[in-house]
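*Asks:* Below is coords03.cif; it holds mmCIF, C-alpha atoms.
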```
data_run
#
loop_
_atom_site.label_atom_id
_atom_site.label_comp_id
_atom_site.auth_asym_id
_atom_site.auth_seq_id
_atom_site.Cartn_x
_atom_site.Cartn_y
_atom_site.Cartn_z
CA MET A 1 -5.24 -10.53 -36.40
CA THR A 2 -1.99 -11.59 -34.76
CA ARG A 3 -0.71 -8.06 -34.51
CA ALA A 4 -4.07 -7.04 -33.07
CA ALA A 5 -3.51 -9.55 -30.25
CA ARG A 6 -0.05 -8.12 -29.55
CA MET A 7 -1.50 -4.60 -29.59
CA THR A 8 -4.10 -5.75 -27.08
CA ILE A 9 -1.35 -7.09 -24.82
CA ALA A 10 0.45 -3.72 -25.01
CA LEU A 11 -2.76 -1.83 -24.22
CA LEU A 12 -3.64 -4.12 -21.29
CA ALA A 13 -0.07 -3.83 -19.94
CA LEU A 14 -0.33 -0.03 -20.12
CA VAL A 15 -3.62 -0.01 -18.19
CA GLY A 16 -2.14 -2.46 -15.65
CA ALA A 17 0.93 -0.24 -15.26
CA LEU A 18 -1.29 2.78 -14.53
CA ILE A 19 -3.18 0.85 -11.83
CA ALA A 20 0.10 -0.39 -10.31
CA LEU A 21 1.46 3.17 -10.40
CA TYR A 22 -1.62 4.41 -8.52
CA LEU A 23 -1.23 1.75 -5.82
CA THR A 24 2.53 2.36 -5.57
CA LEU A 25 1.96 6.10 -5.06
CA PHE A 26 -0.44 5.24 -2.23
CA LYS A 27 2.05 2.84 -0.70
CA VAL A 28 4.88 5.39 -0.70
CA GLY A 29 2.61 8.08 0.75
CA VAL A 30 2.18 10.41 -2.26
CA ILE A 31 -1.55 9.62 -2.29
CA SER A 32 -3.10 9.50 1.17
CA GLU A 33 -6.26 7.57 0.37
CA LEU A 34 -7.47 5.27 -2.40
CA VAL A 35 -10.68 5.61 -4.36
CA CYS A 36 -12.28 2.33 -3.39
CA ASP A 37 -16.05 2.04 -3.66
CA VAL A 38 -15.96 -1.76 -3.50
CA GLY A 39 -14.00 -3.68 -0.88
CA SER A 40 -11.35 -2.36 1.45
CA CYS A 41 -8.32 -1.33 -0.62
CA GLU A 42 -6.47 0.43 2.20
CA ARG A 43 -6.70 -2.55 4.53
CA VAL A 44 -5.25 -4.83 1.85
CA ASN A 45 -2.56 -2.35 0.83
CA THR A 46 -1.41 -1.74 4.38
CA SER A 47 -1.32 -5.43 5.30
CA ARG A 48 1.88 -7.47 5.58
CA TRP A 49 1.11 -9.07 2.20
CA ALA A 50 1.42 -5.72 0.45
CA THR A 51 5.21 -5.94 0.68
CA PHE A 52 7.40 -8.51 -1.06
CA LEU A 53 11.18 -8.78 -0.66
CA GLY A 54 11.27 -5.37 0.99
CA LEU A 55 9.41 -3.55 -1.79
CA PRO A 56 5.71 -2.76 -2.20
CA VAL A 57 3.94 -5.47 -4.21
CA ALA A 58 2.47 -2.65 -6.31
CA ALA A 59 6.00 -1.58 -7.30
CA TRP A 60 6.79 -5.14 -8.39
CA GLY A 61 3.56 -5.07 -10.39
CA LEU A 62 4.55 -1.77 -12.01
CA ALA A 63 7.94 -3.18 -13.05
CA THR A 64 6.27 -6.31 -14.45
CA TYR A 65 3.71 -4.36 -16.47
CA VAL A 66 6.41 -2.09 -17.88
CA MET A 67 8.39 -5.17 -18.92
CA LEU A 68 5.33 -6.70 -20.60
CA PHE A 69 4.52 -3.39 -22.28
CA VAL A 70 8.03 -3.11 -23.75
CA LEU A 71 7.98 -6.75 -24.93
CA ALA A 72 4.58 -6.26 -26.55
CA LEU A 73 5.67 -3.01 -28.23
CA VAL A 74 8.80 -4.67 -29.63
CA SER A 75 6.72 -7.54 -30.97
CA VAL A 76 4.26 -5.12 -32.58
CA GLN A 77 7.14 -3.58 -34.55
CA ARG A 78 8.04 -6.93 -36.11
CA ASP A 79 6.35 -8.63 -39.02
CA ALA A 80 6.17 -11.82 -37.06
CA LEU A 81 6.29 -12.64 -33.42
CA GLU A 82 9.63 -14.28 -32.63
CA ARG A 83 9.35 -17.35 -30.49
CA HIS A 84 11.67 -16.03 -27.78
CA ILE A 85 9.56 -12.90 -27.32
CA ALA A 86 6.43 -15.04 -27.16
CA TRP A 87 8.09 -17.25 -24.53
CA ALA A 88 9.15 -14.19 -22.53
CA LEU A 89 5.57 -12.85 -22.60
CA VAL A 90 4.18 -16.20 -21.44
CA ALA A 91 6.83 -16.64 -18.71
CA VAL A 92 6.48 -13.15 -17.23
CA SER A 93 2.68 -13.05 -17.37
CA GLY A 94 2.38 -16.70 -16.19
CA TRP A 95 4.51 -16.05 -13.11
CA SER A 96 2.50 -12.89 -12.43
CA VAL A 97 -0.81 -14.75 -12.71
CA LEU A 98 0.39 -17.27 -10.11
CA PHE A 99 1.56 -14.46 -7.84
CA SER A 100 -1.77 -12.61 -8.28
CA ALA A 101 -3.69 -15.80 -7.46
CA TRP A 102 -1.64 -16.22 -4.26
CA LEU A 103 -2.31 -12.58 -3.30
CA THR A 104 -6.02 -12.88 -4.03
CA SER A 105 -6.20 -16.01 -1.86
CA LYS A 106 -4.58 -14.00 0.98
CA GLU A 107 -7.19 -11.27 0.49
CA LEU A 108 -10.05 -13.76 0.63
CA PHE A 109 -8.90 -16.15 3.36
CA VAL A 110 -6.41 -14.27 5.54
CA ILE A 111 -7.04 -10.53 5.34
CA HIS A 112 -10.78 -11.04 4.73
CA ALA A 113 -10.92 -7.93 2.56
CA ILE A 114 -10.91 -7.38 -1.17
CA CYS A 115 -9.10 -4.62 -3.00
CA ILE A 116 -10.93 -3.87 -6.24
CA TRP A 117 -7.78 -2.44 -7.86
CA CYS A 118 -5.84 -5.60 -7.04
CA VAL A 119 -8.61 -7.79 -8.46
CA THR A 120 -8.73 -5.66 -11.62
CA SER A 121 -4.97 -5.99 -11.97
CA ALA A 122 -5.17 -9.77 -11.51
CA THR A 123 -7.85 -9.94 -14.22
CA ILE A 124 -5.73 -7.86 -16.62
CA MET A 125 -2.73 -10.09 -15.96
CA THR A 126 -4.81 -13.20 -16.67
CA LEU A 127 -6.01 -11.73 -19.98
CA ILE A 128 -2.40 -10.88 -20.93
CA PHE A 129 -1.35 -14.43 -20.08
CA LEU A 130 -4.12 -15.95 -22.21
CA ALA A 131 -3.31 -13.66 -25.15
CA SER A 132 0.39 -14.52 -24.76
CA LEU A 133 -0.41 -18.25 -24.84
CA VAL A 134 -2.35 -17.78 -28.07
CA GLU A 135 0.57 -15.81 -29.51
CA LEU A 136 3.09 -18.44 -28.45
CA GLY A 137 1.04 -21.16 -30.16
CA ARG A 138 0.92 -19.05 -33.31
CA ALA A 139 4.67 -18.35 -33.21
CA ARG A 140 5.46 -22.05 -32.80
CA ARG A 141 3.19 -23.02 -35.67
CA ALA A 142 4.80 -20.36 -37.86
CA ASP A 143 8.28 -21.58 -36.91
CA ARG A 144 7.35 -25.14 -37.80
CA ALA A 145 5.95 -23.98 -41.13
CA GLU A 146 9.19 -22.13 -41.86
CA HIS A 147 11.20 -25.17 -40.89
CA PHE A 148 9.31 -27.34 -43.36
CA ASP A 149 9.93 -24.84 -46.12
CA ALA A 150 12.46 -26.38 -48.50
CA PRO A 151 15.67 -24.41 -47.93
CA GLY A 152 16.55 -24.43 -51.60
CA ALA A 153 13.09 -23.64 -52.83
CA ALA A 154 12.98 -20.71 -55.25
CA SER A 155 9.78 -19.29 -53.82
CA PRO A 156 7.15 -20.09 -51.24
CA ALA A 157 4.83 -21.04 -54.01
CA ALA A 158 7.38 -23.50 -55.36
CA SER A 159 7.76 -25.13 -51.96
CA GLY A 160 4.03 -25.54 -51.78
CA THR A 161 3.90 -24.04 -48.29
CA GLY A 162 3.26 -20.45 -49.17
CA THR A 163 0.00 -20.38 -47.30
CA MET A 164 1.65 -21.67 -44.14
CA ARG A 165 4.36 -19.06 -43.85
CA ARG A 166 4.39 -16.62 -40.98
CA GLU A 167 1.90 -13.92 -41.57
CA PRO A 168 3.48 -11.17 -43.69
CA HIS A 169 1.70 -8.07 -42.45
CA GLY A 170 0.00 -9.10 -39.25
CA MET B 171 23.04 -3.73 -57.87
CA SER B 172 19.83 -2.35 -59.33
CA GLN B 173 18.01 -5.44 -58.03
CA LYS B 174 19.40 -4.67 -54.54
CA SER B 175 18.27 -1.07 -54.68
CA ALA B 176 14.84 -2.13 -55.86
CA ARG B 177 14.60 -4.53 -52.91
CA ALA B 178 15.74 -1.80 -50.50
CA GLN B 179 13.16 0.55 -51.99
CA ARG B 180 10.45 -2.08 -51.60
CA SER B 181 11.52 -2.69 -48.02
CA ASN B 182 11.40 1.06 -47.32
CA VAL B 183 7.89 1.23 -48.73
CA VAL B 184 6.79 -1.70 -46.55
CA ARG B 185 8.35 -0.06 -43.48
CA THR B 186 6.65 3.24 -44.21
CA GLN B 187 3.32 1.49 -44.76
CA ARG B 188 3.73 -0.41 -41.49
CA ALA B 189 4.53 2.78 -39.59
CA ALA B 190 1.44 4.41 -41.09
CA ASN B 191 -0.69 1.39 -40.09
CA LEU B 192 0.60 1.54 -36.52
CA LYS B 193 0.03 5.28 -36.11
CA PRO B 194 -3.54 5.01 -34.73
CA PHE B 195 -2.33 2.35 -32.29
CA TYR B 196 0.45 4.58 -30.93
CA ILE B 197 -1.91 7.53 -30.71
CA GLY B 198 -4.33 5.31 -28.78
CA LEU B 199 -1.61 4.30 -26.32
CA VAL B 200 -0.60 7.92 -25.76
CA VAL B 201 -4.23 8.91 -25.19
CA VAL B 202 -4.74 6.07 -22.67
CA ALA B 203 -1.50 7.04 -20.87
CA ILE B 204 -2.48 10.72 -20.70
CA ILE B 205 -5.99 9.93 -19.43
CA GLY B 206 -4.59 7.51 -16.83
CA ILE B 207 -1.96 9.92 -15.54
CA ALA B 208 -4.50 12.76 -15.45
CA LEU B 209 -6.90 10.61 -13.38
CA ILE B 210 -4.11 9.65 -10.96
CA ALA B 211 -3.04 13.30 -10.62
CA ARG B 212 -6.64 14.34 -9.98
CA THR B 213 -7.06 11.63 -7.34
CA ALA B 214 -3.81 12.71 -5.68
CA GLN B 215 -4.99 16.31 -5.60
CA HIS B 216 -8.36 15.32 -4.16
CA SER B 217 -6.58 13.11 -1.67
CA ASP B 218 -4.40 16.05 -0.61
CA ALA B 219 -7.43 18.28 -0.25
CA SER B 220 -9.15 15.77 2.02
CA ARG B 221 -5.99 15.09 4.04
CA PRO B 222 -6.49 16.30 7.60
CA THR B 223 -4.46 19.40 8.25
CA ILE B 224 -2.82 20.88 11.29
CA ALA B 225 -5.47 22.76 13.26
CA ASN B 226 -5.58 25.09 16.20
CA VAL B 227 -7.44 23.63 19.14
CA ALA B 228 -8.51 25.26 22.35
CA ALA B 229 -6.93 23.86 25.50
CA ALA B 230 -9.53 21.59 27.07
CA PRO B 231 -9.38 19.45 30.18
CA LEU B 232 -8.92 15.74 29.67
CA LYS B 233 -11.88 13.58 30.57
CA ALA B 234 -10.07 10.30 30.00
CA GLU B 235 -6.74 9.38 31.46
CA GLY B 236 -5.08 7.52 28.60
CA HIS B 237 -1.71 5.99 29.42
CA LEU B 238 0.85 8.37 30.84
CA LEU B 239 4.60 8.37 30.30
CA GLY B 240 6.89 10.85 32.03
CA ASN B 241 6.28 13.64 34.48
CA PRO B 242 2.59 14.65 34.56
CA ASN B 243 3.67 18.15 35.63
CA ALA B 244 6.00 18.67 32.67
CA PRO B 245 5.48 22.08 30.99
CA VAL B 246 4.12 20.51 27.81
CA GLN B 247 1.81 17.61 27.30
CA ILE B 248 1.87 15.47 24.17
CA LEU B 249 -1.33 13.57 23.51
CA GLU B 250 -1.26 10.79 20.97
CA PHE B 251 -4.44 9.26 19.57
CA ALA B 252 -3.55 5.97 17.93
CA ASP B 253 -4.85 2.62 16.81
CA PHE B 254 -2.73 -0.47 17.51
CA GLY B 255 -3.82 -1.92 14.16
CA CYS B 256 -2.85 1.13 12.11
CA PRO B 257 0.41 0.76 10.12
CA HIS B 258 1.23 4.50 10.26
CA CYS B 259 0.95 4.37 14.06
CA ALA B 260 3.33 1.38 14.04
CA GLU B 261 5.70 3.35 11.83
CA PHE B 262 5.69 6.23 14.33
CA ALA B 263 5.93 3.95 17.38
CA THR B 264 8.90 2.01 16.06
CA ILE B 265 10.84 4.72 14.20
CA THR B 266 10.16 8.08 15.86
CA GLU B 267 8.81 7.39 19.33
CA PRO B 268 12.03 5.96 20.82
CA ASP B 269 13.70 9.32 20.09
CA VAL B 270 10.73 11.25 21.49
CA ARG B 271 10.92 9.30 24.73
CA LYS B 272 14.67 9.63 25.11
CA ARG B 273 15.14 13.24 24.07
CA ILE B 274 11.86 14.87 25.10
CA VAL B 275 10.01 12.82 27.72
CA ASP B 276 12.92 11.38 29.72
CA VAL B 277 14.53 14.81 30.07
CA GLY B 278 11.28 16.32 31.36
CA LEU B 279 10.47 18.61 28.43
CA ALA B 280 7.04 17.03 28.02
CA SER B 281 4.82 14.26 29.25
CA TYR B 282 3.28 11.79 26.83
CA ARG B 283 -0.22 10.35 26.95
CA TYR B 284 -1.38 7.55 24.69
CA PHE B 285 -5.10 7.34 23.92
CA ASP B 286 -6.63 4.32 22.21
CA PHE B 287 -8.48 5.50 19.12
CA PRO B 288 -9.66 2.34 17.32
CA LEU B 289 -10.78 3.49 13.88
CA GLY B 290 -12.90 0.45 13.13
CA HIS B 291 -10.89 -0.51 10.00
CA PHE B 292 -8.73 -3.09 11.75
CA PRO B 293 -10.46 -6.04 13.42
CA ASN B 294 -7.83 -6.63 16.14
CA SER B 295 -7.35 -3.04 17.33
CA VAL B 296 -9.61 -3.26 20.38
CA PRO B 297 -8.25 -6.69 21.48
CA ALA B 298 -4.74 -5.17 21.21
CA SER B 299 -5.79 -2.15 23.31
CA ASN B 300 -7.25 -4.63 25.79
CA ALA B 301 -3.98 -6.62 25.86
CA ALA B 302 -1.99 -3.43 26.49
CA ALA B 303 -4.35 -2.20 29.22
CA CYS B 304 -4.07 -5.58 30.98
CA ALA B 305 -0.29 -5.31 30.82
CA GLY B 306 -0.75 -1.83 32.28
CA ASP B 307 -2.33 -3.45 35.36
CA GLN B 308 1.10 -4.96 35.96
CA LYS B 309 2.86 -1.65 35.19
CA LYS B 310 3.98 -2.81 31.76
CA PHE B 311 1.67 -0.92 29.42
CA TRP B 312 4.52 0.70 27.46
CA GLU B 313 6.46 -2.52 27.13
CA MET B 314 3.35 -4.21 25.71
CA HIS B 315 2.67 -1.13 23.56
CA ASP B 316 6.12 -1.55 21.98
CA LYS B 317 5.69 -5.30 21.47
CA LEU B 318 2.29 -4.80 19.84
CA TYR B 319 3.56 -2.23 17.37
CA GLU B 320 6.80 -4.08 16.58
CA GLY B 321 4.88 -7.30 15.98
CA GLN B 322 1.82 -5.74 14.29
CA PRO B 323 2.10 -7.93 11.14
CA ASP B 324 2.09 -11.06 13.31
CA TRP B 325 -1.34 -10.46 14.83
CA SER B 326 -3.19 -7.91 12.71
CA ASP B 327 -4.64 -10.51 10.34
CA GLU B 328 -5.18 -13.30 12.87
CA SER B 329 -8.75 -14.46 13.43
CA ASN B 330 -7.94 -14.76 17.16
CA PRO B 331 -4.83 -12.78 18.13
CA LYS B 332 -4.88 -13.77 21.82
CA GLY B 333 -2.17 -16.43 21.38
CA VAL B 334 0.27 -13.83 20.00
CA PHE B 335 -0.59 -11.36 22.77
CA GLU B 336 -0.13 -14.06 25.39
CA ALA B 337 3.33 -14.85 23.99
CA TYR B 338 4.19 -11.14 24.39
CA ALA B 339 2.91 -11.21 27.99
CA LYS B 340 5.17 -14.21 28.68
CA ALA B 341 8.16 -12.56 27.02
CA LEU B 342 7.62 -9.44 29.17
CA GLY B 343 7.64 -11.54 32.32
CA LEU B 344 4.04 -10.73 33.25
CA ASP B 345 1.97 -12.89 35.54
CA VAL B 346 0.33 -14.61 32.59
CA ARG B 347 -2.58 -16.04 34.57
CA ALA B 348 -3.51 -12.61 35.88
CA TRP B 349 -3.04 -11.09 32.42
CA ASP B 350 -5.17 -13.85 30.94
CA ALA B 351 -8.00 -13.34 33.44
CA CYS B 352 -7.92 -9.60 32.78
CA TYR B 353 -7.91 -10.06 28.98
CA ASP B 354 -10.86 -12.46 29.07
CA SER B 355 -12.86 -10.27 31.46
CA GLN B 356 -12.52 -7.31 29.05
CA LYS B 357 -12.78 -5.04 32.07
CA HIS B 358 -10.78 -2.31 30.34
CA LEU B 359 -13.21 -1.88 27.45
CA PRO B 360 -14.94 1.12 29.10
CA GLU B 361 -11.55 2.86 29.48
CA ILE B 362 -10.68 2.15 25.87
CA GLU B 363 -14.00 3.67 24.81
CA ALA B 364 -13.40 6.67 27.09
CA ASN B 365 -10.02 7.17 25.45
CA ARG B 366 -11.66 7.03 22.03
CA GLN B 367 -14.28 9.53 23.14
CA GLU B 368 -11.49 11.91 24.19
CA GLY B 369 -10.37 11.83 20.56
CA VAL B 370 -13.90 12.30 19.29
CA ARG B 371 -14.25 15.38 21.50
CA ARG B 372 -11.08 16.75 19.95
CA ALA B 373 -12.35 15.99 16.43
CA VAL B 374 -9.62 13.42 15.74
CA GLU B 375 -10.21 11.97 12.26
CA SER B 376 -7.22 9.76 11.62
CA THR B 377 -4.41 8.02 13.42
CA PRO B 378 -1.92 8.81 14.63
CA THR B 379 -2.99 12.32 15.64
CA PHE B 380 -1.05 14.40 18.14
CA VAL B 381 -2.24 17.26 20.27
CA ILE B 382 0.64 19.40 21.48
CA GLY B 383 -0.32 22.65 23.18
CA THR B 384 -2.92 24.27 20.97
CA LYS B 385 -2.03 22.33 17.82
CA LYS B 386 -3.65 19.19 16.53
CA ILE B 387 -1.28 17.47 14.12
CA PRO B 388 -2.34 14.43 12.12
CA GLY B 389 0.11 11.88 10.72
CA ALA B 390 3.25 9.99 11.68
CA ILE B 391 5.28 13.19 11.89
CA PRO B 392 9.08 13.09 12.07
CA TYR B 393 10.96 13.80 15.29
CA ASP B 394 12.16 17.29 14.30
CA MET B 395 8.64 18.46 13.54
CA LEU B 396 7.28 17.10 16.81
CA LYS B 397 10.15 18.72 18.74
CA ALA B 398 9.39 22.07 17.07
CA TYR B 399 5.76 21.87 18.27
CA VAL B 400 6.94 20.97 21.77
CA ASP B 401 9.30 23.98 21.80
CA THR B 402 6.54 26.30 20.63
CA ALA B 403 4.16 24.93 23.27
CA ALA B 404 6.87 25.27 25.94
CA MET B 405 7.39 28.93 25.03
CA ALA B 406 3.65 29.55 25.18
CA ALA B 407 3.44 27.77 28.54
CA ALA B 408 6.35 29.82 29.89
CA SER B 409 4.62 33.06 28.95
CA LYS B 410 1.37 31.90 30.61
CA PRO B 411 2.44 29.93 33.68
CA VAL B 412 -1.11 29.55 35.01
CA ALA B 413 -2.54 27.93 31.89
CA LYS B 414 -2.27 24.25 32.71
CA SER B 415 -5.81 23.20 32.01
CA ASP B 416 -4.79 20.09 30.04
CA SER B 417 -2.53 18.50 32.56
CA ALA B 418 -4.88 16.94 35.09
CA PRO B 419 -7.53 14.62 33.76
CA VAL B 420 -11.04 15.19 35.10
CA LYS B 421 -12.43 11.83 36.20
CA GLU B 422 -15.55 10.56 34.54
CA ALA B 423 -17.32 7.23 34.32
CA GLY B 424 -15.28 4.74 32.34
CA THR B 425 -11.88 6.24 33.02
CA LYS B 426 -9.22 4.74 35.23
CA PRO B 427 -9.84 5.25 38.96
#
```
Take the structure in the file and give it back as structure tokens.

*Replies:*
Amino acid sequence: MTRAARMTIALLALVGALIALYLTLFKVGVISELVCDVGSCERVNTSRWATFLGLPVAAWGLATYVMLFVLALVSVQRDALERHIAWALVAVSGWSVLFSAWLTSKELFVIHAICIWCVTSATIMTLIFLASLVELGRARRADRAEHFDAPGAASPAASGTGTMRREPHG
Amino acid sequence: MSQKSARAQRSNVVRTQRAANLKPFYIGLVVVAIIGIALIARTAQHSDASRPTIANVAAAPLKAEGHLLGNPNAPVQILEFADFGCPHCAEFATITEPDVRKRIVDVGLASYRYFDFPLGHFPNSVPASNAAACAGDQKKFWEMHDKLYEGQPDWSDESNPKGVFEAYAKALGLDVRAWDACYDSQKHLPEIEANRQEGVRRAVESTPTFVIGTKKIPGAIPYDMLKAYVDTAAMAAASKPVAKSDSAPVKEAGTKP
């Protein structure tokens, strides 16, 4: 179950990275027009809000998704999700959700146009953040359980906490 | 020792089992990545196919005047169809156009005419054209043109951009009251529409689009490319000295008197 959640994060991050790649290619001129049946993607992506610290926002998004994808893949390899990886997932996706919310508010109230790709990306980021929160909670509970394990105990069964150990196979 | 090796063996088995369990997941990721990249590549190809291409156009007399820069009798005429709200036009106006003016127009190789071609995507394009035309009444169209493109991010998303335009008028030393009266009267709207119609007649589809001699070139082209078209048009003009049909606009309703 836990590993399934981490796999989901990896999959979502991959899809998000592909969307961000598409928008970045448009922004740098490789793709001349966006497929955009709903909203006005080109107006949003050519506005002043489509650039952040001198780089296209889509490129920042691509870098963020790649980072989340790598973190999720690393965590999938492990038996248990280490707390620091869980924190990293929550921090990166949490910051990105706030940034996406700010961008969406600009779309709605300043640019007065919606970019369906941007909204899809914001939704994916929110799902990643929620899944990361769940994972962080699980990692913290598992850490606590390990902490309460008697250090000198011969076996989990002997310590009486065998059922509370971090999940062995995901 | 044997206990250690048994543990290592067990650990190897677990690792192998885990790798086997994850195989479908990795295959799934690869499939998603391949599908995604294929879709992006397909979109890029389609986008290339629908990109307007350089076309041959017959020399046709101008029916709208646009805004002229340089010697109207120069051997070559560059026509630009642009939208003040369009970012690619701003890119051309701020990066390439200063060179075009200095090295082509100022030395008399070509004249340059700017035609408003509001695409309809950007809500403040027509007000910006109006602001520039009103500055033109005080002989400062090009100065306002430059201000509008340099400051495009400052007004393009405003619900009422007049305050920004007015600040430009002040900075340019215009008679702001006269500019203001002109802007509010919207008396230049028919000219702006006539300029747009000139583009429609020439089948302009995107901005910026340039017409140089018998070539219609879409996109914010670099200086070298534009200069090459000017040179080609100059050679053609030199071989046919009578063919000057483009140079003098034919007056029609809605154009400048």

*Asks:* Hey, can you check how far CA of Ile387 in chain B sits from CA of Phe262 in chain B?

*Replies:*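 It comes out at 13.2 Å.
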
*Asks:* Give as number ranges by chain every residue of chain B that touches chain A within 9 Å, counting all atoms listed in the file.

*Replies:* B: 188-189, 192, 195, 198-199, 202-203, 206-207, 210, 213-215, 217-218, 220-221, 256-258, 291-292, 322-324, 326-329

*Asks:* If the PyMOL selection byres ((chain A and resi 85) around 10) were run on this exact file, what residues would it hold? Put them as number ranges by chain.

*Replies:* A: 71-72, 74-75, 81-84, 86-91, 132, 135-136, 139

*Asks:* So that I can check the surroundings of Gly333 in chain B, please list as JSON, numbers by chain every protein, DNA and RNA residue that reaches within 12 Å of it, counting only C-alpha atoms and ignoring chain neighbours fewer than 6 positions away.

*Replies:* {"B": [297, 298, 301, 324, 325, 339, 340, 346, 350, 353]}

*Asks:* Selection from above, C-alpha atoms, as a short mmCIF file (atom, residue, chain, number, x, y, z; two decimals), in the coordinates of the input, can you write it?

*Replies:*
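As a result, selection-v2.cif now contains:
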```cif
data_model
loop_
_atom_site.label_atom_id
_atom_site.label_comp_id
_atom_site.auth_asym_id
_atom_site.auth_seq_id
_atom_site.Cartn_x
_atom_site.Cartn_y
_atom_site.Cartn_z
CA PRO B 297 -8.25 -6.69 21.48
CA ALA B 298 -4.74 -5.17 21.21
CA ALA B 301 -3.98 -6.62 25.86
CA ASP B 324 2.09 -11.06 13.31
CA TRP B 325 -1.34 -10.46 14.83
CA ALA B 339 2.91 -11.21 27.99
CA LYS B 340 5.17 -14.21 28.68
CA VAL B 346 0.33 -14.61 32.59
CA ASP B 350 -5.17 -13.85 30.94
CA TYR B 353 -7.91 -10.06 28.98
#
```

*Asks:* Considering all atoms listed in the file, state which residue in the set A:Ala20, A:Arg6, A:Leu62, A:Val134 is at the smallest distance from Val119 in chain A.

*Replies:*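 Under the stated criterion, the closest residue is A:Ala20.
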
*Asks:* What does the distance between CA of Ile248 in chain B and CA of Ala305 in chain B come to in Å, to one decimal place?

*Replies:*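 A separation of 21.9 Å between them.
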
*Asks:* Return the single residue from A:Trp95, A:Asn45, A:Arg138, A:Thr120 that is closest to Gly29 in chain A, with distances computed using all atoms listed in the file.

*Replies:*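 Nearest candidate to Gly29 in chain A out of A:Trp95, A:Asn45, A:Arg138, A:Thr120: A:Asn45.
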
*Asks:* Using the chain letters and numbering of this document, enumerate as a PyMOL selection string the residues selected by the PyMOL selection byres ((chain B and resi 285) around 6).

*Replies:* chain B and resi 236+250-251+284+286+365

*Asks:* Rounded to one decimal, what separation in Å do you get between CA of Thr51 in chain A and CA of Asp37 in chain A?

*Replies:*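 So the two atoms, CA of Thr51 in chain A and CA of Asp37 in chain A, lie 23.1 Å apart.
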
*Asks:* Tell me which protein, DNA and RNA residues are within 12 Å of Gly290 in chain B, counting only C-alpha atoms, leaving out same-chain ones fewer than 3 positions away, and put them as a ChimeraX atom specification.

*Replies:* /A:43 /B:252-256,286-287,293-297,366,375-377

*Asks:* Which neighbours of Ser121 in chain A fall inside 10 Å, counting all atoms listed in the file, when residues of the same chain fewer than 4 positions from it are skipped, and could you give them as number ranges by chain?

*Replies:* A: 12-13, 15-20, 58, 61, 65, 97, 100, 115-117, 125-127

*Asks:* Could you check the closest approach to Ala225 in chain B for each of B:Val374, B:Ile391, B:Ser409, B:Leu359 and tell me which residue wins, using all atoms listed in the file?

*Replies:*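 The closest residue to Ala225 in chain B is B:Val374.
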
*Asks:* Since I can't run it myself right now, could you work out what the PyMOL selection byres ((chain B and resi 392-400) around 7) selects here and report it as a ChimeraX atom specification?

*Replies:* /B:246,266,270,382,390-391,401-404

*Asks:* Taking the block above, write range 246-256 of chain B with N, CA and C atoms as a PDB file, in the first residue's frame.

*Replies:*
```pdb
ATOM      1  N   VAL B 246      13.595  50.183 -51.605  1.00  0.00           N
ATOM      2  CA  VAL B 246      12.857  49.028 -51.047  1.00  0.00           C
ATOM      3  C   VAL B 246      11.947  49.526 -49.939  1.00  0.00           C
ATOM      4  N   GLN B 247      10.803  48.867 -49.842  1.00  0.00           N
ATOM      5  CA  GLN B 247       9.882  49.223 -48.776  1.00  0.00           C
ATOM      6  C   GLN B 247       9.669  48.009 -47.867  1.00  0.00           C
ATOM      7  N   ILE B 248       9.860  48.231 -46.572  1.00  0.00           N
ATOM      8  CA  ILE B 248       9.581  47.147 -45.613  1.00  0.00           C
ATOM      9  C   ILE B 248       8.242  47.459 -44.972  1.00  0.00           C
ATOM     10  N   LEU B 249       7.317  46.516 -45.060  1.00  0.00           N
ATOM     11  CA  LEU B 249       6.034  46.685 -44.384  1.00  0.00           C
ATOM     12  C   LEU B 249       6.009  45.737 -43.196  1.00  0.00           C
ATOM     13  N   GLU B 250       5.658  46.268 -42.041  1.00  0.00           N
ATOM     14  CA  GLU B 250       5.524  45.385 -40.877  1.00  0.00           C
ATOM     15  C   GLU B 250       4.077  45.409 -40.400  1.00  0.00           C
ATOM     16  N   PHE B 251       3.502  44.234 -40.241  1.00  0.00           N
ATOM     17  CA  PHE B 251       2.156  44.115 -39.677  1.00  0.00           C
ATOM     18  C   PHE B 251       2.327  43.561 -38.270  1.00  0.00           C
ATOM     19  N   ALA B 252       1.927  44.366 -37.279  1.00  0.00           N
ATOM     20  CA  ALA B 252       2.230  43.972 -35.901  1.00  0.00           C
ATOM     21  C   ALA B 252       1.114  44.373 -34.953  1.00  0.00           C
ATOM     22  N   ASP B 253       1.141  43.726 -33.808  1.00  0.00           N
ATOM     23  CA  ASP B 253       0.139  43.935 -32.769  1.00  0.00           C
ATOM     24  C   ASP B 253       0.902  44.393 -31.525  1.00  0.00           C
ATOM     25  N   PHE B 254       0.540  45.564 -30.979  1.00  0.00           N
ATOM     26  CA  PHE B 254       1.274  46.079 -29.822  1.00  0.00           C
ATOM     27  C   PHE B 254       1.208  45.127 -28.615  1.00  0.00           C
ATOM     28  N   GLY B 255       0.198  44.261 -28.579  1.00  0.00           N
ATOM     29  CA  GLY B 255       0.074  43.350 -27.442  1.00  0.00           C
ATOM     30  C   GLY B 255       0.846  42.050 -27.621  1.00  0.00           C
ATOM     31  N   CYS B 256       1.385  41.829 -28.824  1.00  0.00           N
ATOM     32  CA  CYS B 256       1.992  40.529 -29.123  1.00  0.00           C
ATOM     33  C   CYS B 256       3.449  40.477 -28.641  1.00  0.00           C
TER      34      CYS B 256
END
```
